[in-house]
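K.L.:
Shown below is the structure under consideration.
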Amino acid sequence: MSRLIAHLSRRYRFSASHRLHVDTLSPEQNRETFGKCNNPFGHGHNYVVQVTFSGPVDPATGMVTNLSDLDSFAQHEMLNLFDHANLNTLEPFLDCVSTTENLSVEIWRIFSSYPHAKLERVHIEETAKNSFDTFGGGAPSHR
Amino acid sequence: MILLTRKADFSAAHFYWNPAWSEEENERVFGKCANRQGHGHNYTLEVTVEGAIDPVSGFVGDLKQLKDIIEREVVSVYDHRHLNHEVPEFATTIPTTENIAIAIWRRLNGKIEHAKLHRVRVYEMPDLFADFYGEGA
């Protein structure tokens with residue numbers, strides 16, 4: 001087959017704790033804004049991160065990208081950092097509240113440097129009911 | 001315009017092998033998937049079509065007809081088969097998830113009445129899937 005463009009999506013999981021709190025707000029404002037998520041001791045989630053890449057299908061391998069390369073990248077660049085960690089203690093969240101929106105932006109930054117395919121979408125499920133998507137600052141694709 | 005998606009399942013065996021390469025190169029690139037005895041998956045197929053709502057029927061496309069086309073063109077050919085050995089398009093093309101999505105697009109495109117094929121999504125596992133939006137996409 002010729003070099004047609006396909007999209008490949010892979011899901012990863014990590015468990016982490018966080019607390020939604022902003023120092024510039026009063027304790028009452030923090031409780032009012034973030035509710036249960038402002039609990040001083042924090043809480044945690046089993047996060048699911050789904051990344052989508054596009055690219056030409058290499059005729060020699062039949063692949064957009066080799067999954068072993070992508071899994072290795074995800075392990076070293078994302079899972080080793082976030083799994084079983086407190087997000088608020090990590091560098092990206094020292095000056096920014098650890099909402100899943102901000103986590104999406106950070107995970108977009110991480111996977112946008114993957115060298116073998118073009119990042120199209122980062123989708124994060126914080127719980128089974130809450131999910132977030134980022135397309136790298138552009139408008140959401142109709143896809 | 002409305003998008004309508006129908007799911008189907010098939011279970012099949014496959015392996016990854018490029019005959020232009022040495023055994024060592026195949027094993028280096030494809031890892032466990034290069035085992036020529038094959039291995040298998042429960043695949044899930046999602047076929048999405050797009051179209052306008054028919055004012056009489058209220059349908060974009062006839063779901064029963066779409067189900068029958070998927071069954072005839074894909075499931076009856078792929079299900080409980082060895083993709084490399086028994087499905088013609090994979091005699092010369094490696095049956096990766098990407099290539100399976102492309103092959104299913106080619107099997108379905110042009111055969112669905114009243115609606116246009118929008119996307120073929122193939123899940124090899126719940127945590128891995130490929131999408132194909134057509135030859136010009």
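Letters A, B, ... mark the chains of the structure tokens in the order given; residue numbers begin at 1 per chain; ligand numbers begin at 1, in order shown.
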Taking only C-alpha atoms into account, what are the residues of chain A at most 9 Å from chain B, put as an MDAnalysis selection string?
P.N.:
chainID A and resid 1 4:12 50 52 57 59:64 66 68 143
K.L.:
For C-alpha atoms, I'd like the residues from the last selection saved as an mmCIF file, in the first residue's frame.
P.N.:
```cif
data_model
loop_
_atom_site.group_PDB
_atom_site.id
_atom_site.type_symbol
_atom_site.label_atom_id
_atom_site.label_comp_id
_atom_site.auth_asym_id
_atom_site.auth_seq_id
_atom_site.Cartn_x
_atom_site.Cartn_y
_atom_site.Cartn_z
ATOM 1 C CA MET A 1 0.000 0.000 0.000
ATOM 2 C CA LEU A 4 -1.368 6.746 3.338
ATOM 3 C CA ILE A 5 -1.954 8.796 6.455
ATOM 4 C CA ALA A 6 -3.379 6.923 9.436
ATOM 5 C CA HIS A 7 -3.992 7.892 13.045
ATOM 6 C CA LEU A 8 -2.760 5.715 15.895
ATOM 7 C CA SER A 9 -4.008 6.032 19.468
ATOM 8 C CA ARG A 10 -2.545 4.500 22.590
ATOM 9 C CA ARG A 11 -3.842 4.594 26.176
ATOM 10 C CA TYR A 12 -1.638 4.760 29.273
ATOM 11 C CA GLN A 50 -4.907 8.626 25.438
ATOM 12 C CA THR A 52 -3.225 10.190 19.143
ATOM 13 C CA VAL A 57 2.119 4.297 7.118
ATOM 14 C CA PRO A 59 5.380 0.396 3.705
ATOM 15 C CA ALA A 60 8.245 -1.588 5.245
ATOM 16 C CA THR A 61 6.633 -1.917 8.677
ATOM 17 C CA GLY A 62 2.952 -1.154 8.095
ATOM 18 C CA MET A 63 3.190 1.302 10.976
ATOM 19 C CA VAL A 64 2.740 5.007 11.701
ATOM 20 C CA ASN A 66 6.675 1.513 16.260
ATOM 21 C CA SER A 68 7.816 -0.164 21.339
ATOM 22 C CA ARG A 143 -12.315 14.059 14.010
#
```
K.L.:
Could you pull out the strand (DSSP E) residues of chain B, going by DSSP on the backbone, and write them as number ranges by chain?
P.N.:
B: 2-14, 39-51, 81-82, 116-125, 128-132
K.L.:
Grab the residues selected above and save them as a short mmCIF file (atom, residue, chain, number, x, y, z; two decimals), in the first residue's frame with C-alpha atoms.
P.N.:
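Generated output (selection_17.cif):
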```cif
data_model
loop_
_atom_site.label_atom_id
_atom_site.label_comp_id
_atom_site.auth_asym_id
_atom_site.auth_seq_id
_atom_site.Cartn_x
_atom_site.Cartn_y
_atom_site.Cartn_z
CA ILE B 2 -24.77 13.59 11.36
CA LEU B 3 -22.15 10.93 12.07
CA LEU B 4 -23.41 7.42 12.69
CA THR B 5 -21.22 4.61 14.04
CA ARG B 6 -21.73 0.87 13.97
CA LYS B 7 -19.51 -1.56 15.89
CA ALA B 8 -18.56 -5.12 15.02
CA ASP B 9 -16.12 -7.65 16.46
CA PHE B 10 -13.85 -10.23 14.92
CA SER B 11 -11.14 -12.48 16.29
CA ALA B 12 -8.16 -13.28 14.13
CA ALA B 13 -4.54 -14.40 14.11
CA HIS B 14 -1.61 -12.54 12.56
CA HIS B 39 -0.79 -14.80 17.72
CA GLY B 40 -4.28 -13.35 17.92
CA HIS B 41 -6.57 -10.58 19.10
CA ASN B 42 -10.21 -9.79 19.64
CA TYR B 43 -10.56 -6.84 17.32
CA THR B 44 -13.31 -4.26 17.58
CA LEU B 45 -14.27 -2.40 14.44
CA GLU B 46 -16.11 0.93 14.45
CA VAL B 47 -17.44 2.14 11.12
CA THR B 48 -18.59 5.77 11.04
CA VAL B 49 -20.66 7.15 8.17
CA GLU B 50 -21.82 10.70 7.58
CA GLY B 51 -24.88 12.06 5.92
CA ARG B 81 -9.06 -16.48 10.24
CA HIS B 82 -5.31 -16.08 10.02
CA LYS B 116 -20.54 8.53 3.02
CA LEU B 117 -17.84 6.58 4.81
CA HIS B 118 -16.23 8.95 7.34
CA ARG B 119 -13.90 6.88 9.50
CA VAL B 120 -12.77 3.31 10.07
CA ARG B 121 -11.47 2.67 13.59
CA VAL B 122 -9.90 -0.67 14.48
CA TYR B 123 -9.13 -1.59 18.08
CA GLU B 124 -6.52 -4.33 18.35
CA MET B 125 -6.88 -4.06 22.13
CA LEU B 128 -4.53 0.51 21.06
CA PHE B 129 -6.45 1.59 17.99
CA ALA B 130 -5.92 3.02 14.51
CA ASP B 131 -8.15 5.42 12.54
CA PHE B 132 -8.30 5.88 8.78
#
```
K.L.:
Between CA of Met78 (chain A) and CA of Arg13 (chain A), what is the distance in Å, rounded to a tenth?
P.N.:
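So the two atoms, CA of Met78 (chain A) and CA of Arg13 (chain A), lie 10.1 Å apart.
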K.L.:
Select from region 41-141 of chain A everything DSSP, run on the backbone, classes as alpha helix (DSSP H), then give the selection as an mmCIF file with C-alpha atoms, in the first residue's frame.
P.N.:
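See part.cif below for the written result:
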```cif
data_model
loop_
_atom_site.group_PDB
_atom_site.id
_atom_site.type_symbol
_atom_site.label_atom_id
_atom_site.label_comp_id
_atom_site.auth_asym_id
_atom_site.auth_seq_id
_atom_site.Cartn_x
_atom_site.Cartn_y
_atom_site.Cartn_z
ATOM 1 C CA LEU A 67 4.721 0.950 19.469
ATOM 2 C CA SER A 68 7.816 -0.164 21.339
ATOM 3 C CA ASP A 69 9.340 3.280 20.639
ATOM 4 C CA LEU A 70 6.155 5.039 21.759
ATOM 5 C CA ASP A 71 5.764 2.889 24.896
ATOM 6 C CA SER A 72 9.385 3.454 25.829
ATOM 7 C CA PHE A 73 8.985 7.218 25.325
ATOM 8 C CA ALA A 74 5.791 7.244 27.423
ATOM 9 C CA ASN A 80 8.255 7.601 35.453
ATOM 10 C CA LEU A 81 7.450 11.198 36.387
ATOM 11 C CA PHE A 82 3.745 11.013 37.233
ATOM 12 C CA THR A 100 -6.513 18.062 34.558
ATOM 13 C CA GLU A 101 -6.696 20.956 32.076
ATOM 14 C CA ASN A 102 -3.184 22.030 33.097
ATOM 15 C CA LEU A 103 -2.060 18.394 33.195
ATOM 16 C CA SER A 104 -3.297 18.049 29.589
ATOM 17 C CA VAL A 105 -1.173 21.000 28.529
ATOM 18 C CA GLU A 106 1.899 19.488 30.235
ATOM 19 C CA ILE A 107 1.308 16.073 28.669
ATOM 20 C CA TRP A 108 0.848 17.736 25.268
ATOM 21 C CA ARG A 109 4.237 19.430 25.803
ATOM 22 C CA ILE A 110 5.832 16.071 26.646
ATOM 23 C CA PHE A 111 4.447 14.069 23.692
#
```
K.L.:
Which distance in Å separates CA of Gly42 (chain A) and CA of Leu87 (chain A), to one decimal?
P.N.:
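These two atoms are separated by 10.0 Å.
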K.L.:
What's the 9 Å shell around Gln65 (chain B), counting only C-alpha atoms, without same-chain residues fewer than 4 positions away, as a list in words?
P.N.:
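My list of contacting residues is Gly61, Ile69, Ile70, Ile112 and Glu113 of chain B.
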K.L.:
Quote the spacing between CA of His45 (chain A) and CA of His123 (chain A) in Å to one decimal place.
P.N.:
15.3 Å
K.L.:
Write out as a count of residues only which residues come within 10 Å of Asp23 (chain A) when counting only C-alpha atoms, dropping same-chain ones fewer than 4 positions away.
P.N.:
4
K.L.:
Name the residues in contact with Ala117 (chain A) at a cut-off of 6 Å, using only C-alpha atoms, excluding same-chain residues fewer than 6 positions from it; report them as a ChimeraX atom specification.
P.N.:
/A:53-55
K.L.:
Please produce a file of those selected residues containing N, CA and C atoms, as a CSV table (one decimal), in the first residue's frame.
P.N.:
```csv
chain,number,residue,atom,x,y,z
A,53,PHE,N,-1.6,10.0,17.4
A,53,PHE,CA,-0.5,10.5,16.5
A,53,PHE,C,-1.0,10.2,15.1
A,54,SER,N,-0.5,11.1,14.1
A,54,SER,CA,-0.8,10.8,12.7
A,54,SER,C,0.5,10.7,12.0
A,55,GLY,N,0.5,10.1,10.8
A,55,GLY,CA,1.7,10.0,10.0
A,55,GLY,C,1.5,9.0,8.9
```
K.L.:
Which residue gives the smallest distance to Val48 (chain A) among A:Ser15, A:Thr99, A:Asn86, A:Thr134, with only C-alpha atoms counted?
P.N.:
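Of A:Ser15, A:Thr99, A:Asn86, A:Thr134, the one nearest Val48 (chain A), counting only C-alpha atoms, is A:Ser15.
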K.L.:
Restricting the calculation to only C-alpha atoms, which member of B:Val77, B:Phe15, B:Asp68, B:Pro88 is positioned closest to Lys111 (chain B)?
P.N.:
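Nearest to Lys111 (chain B): B:Asp68.
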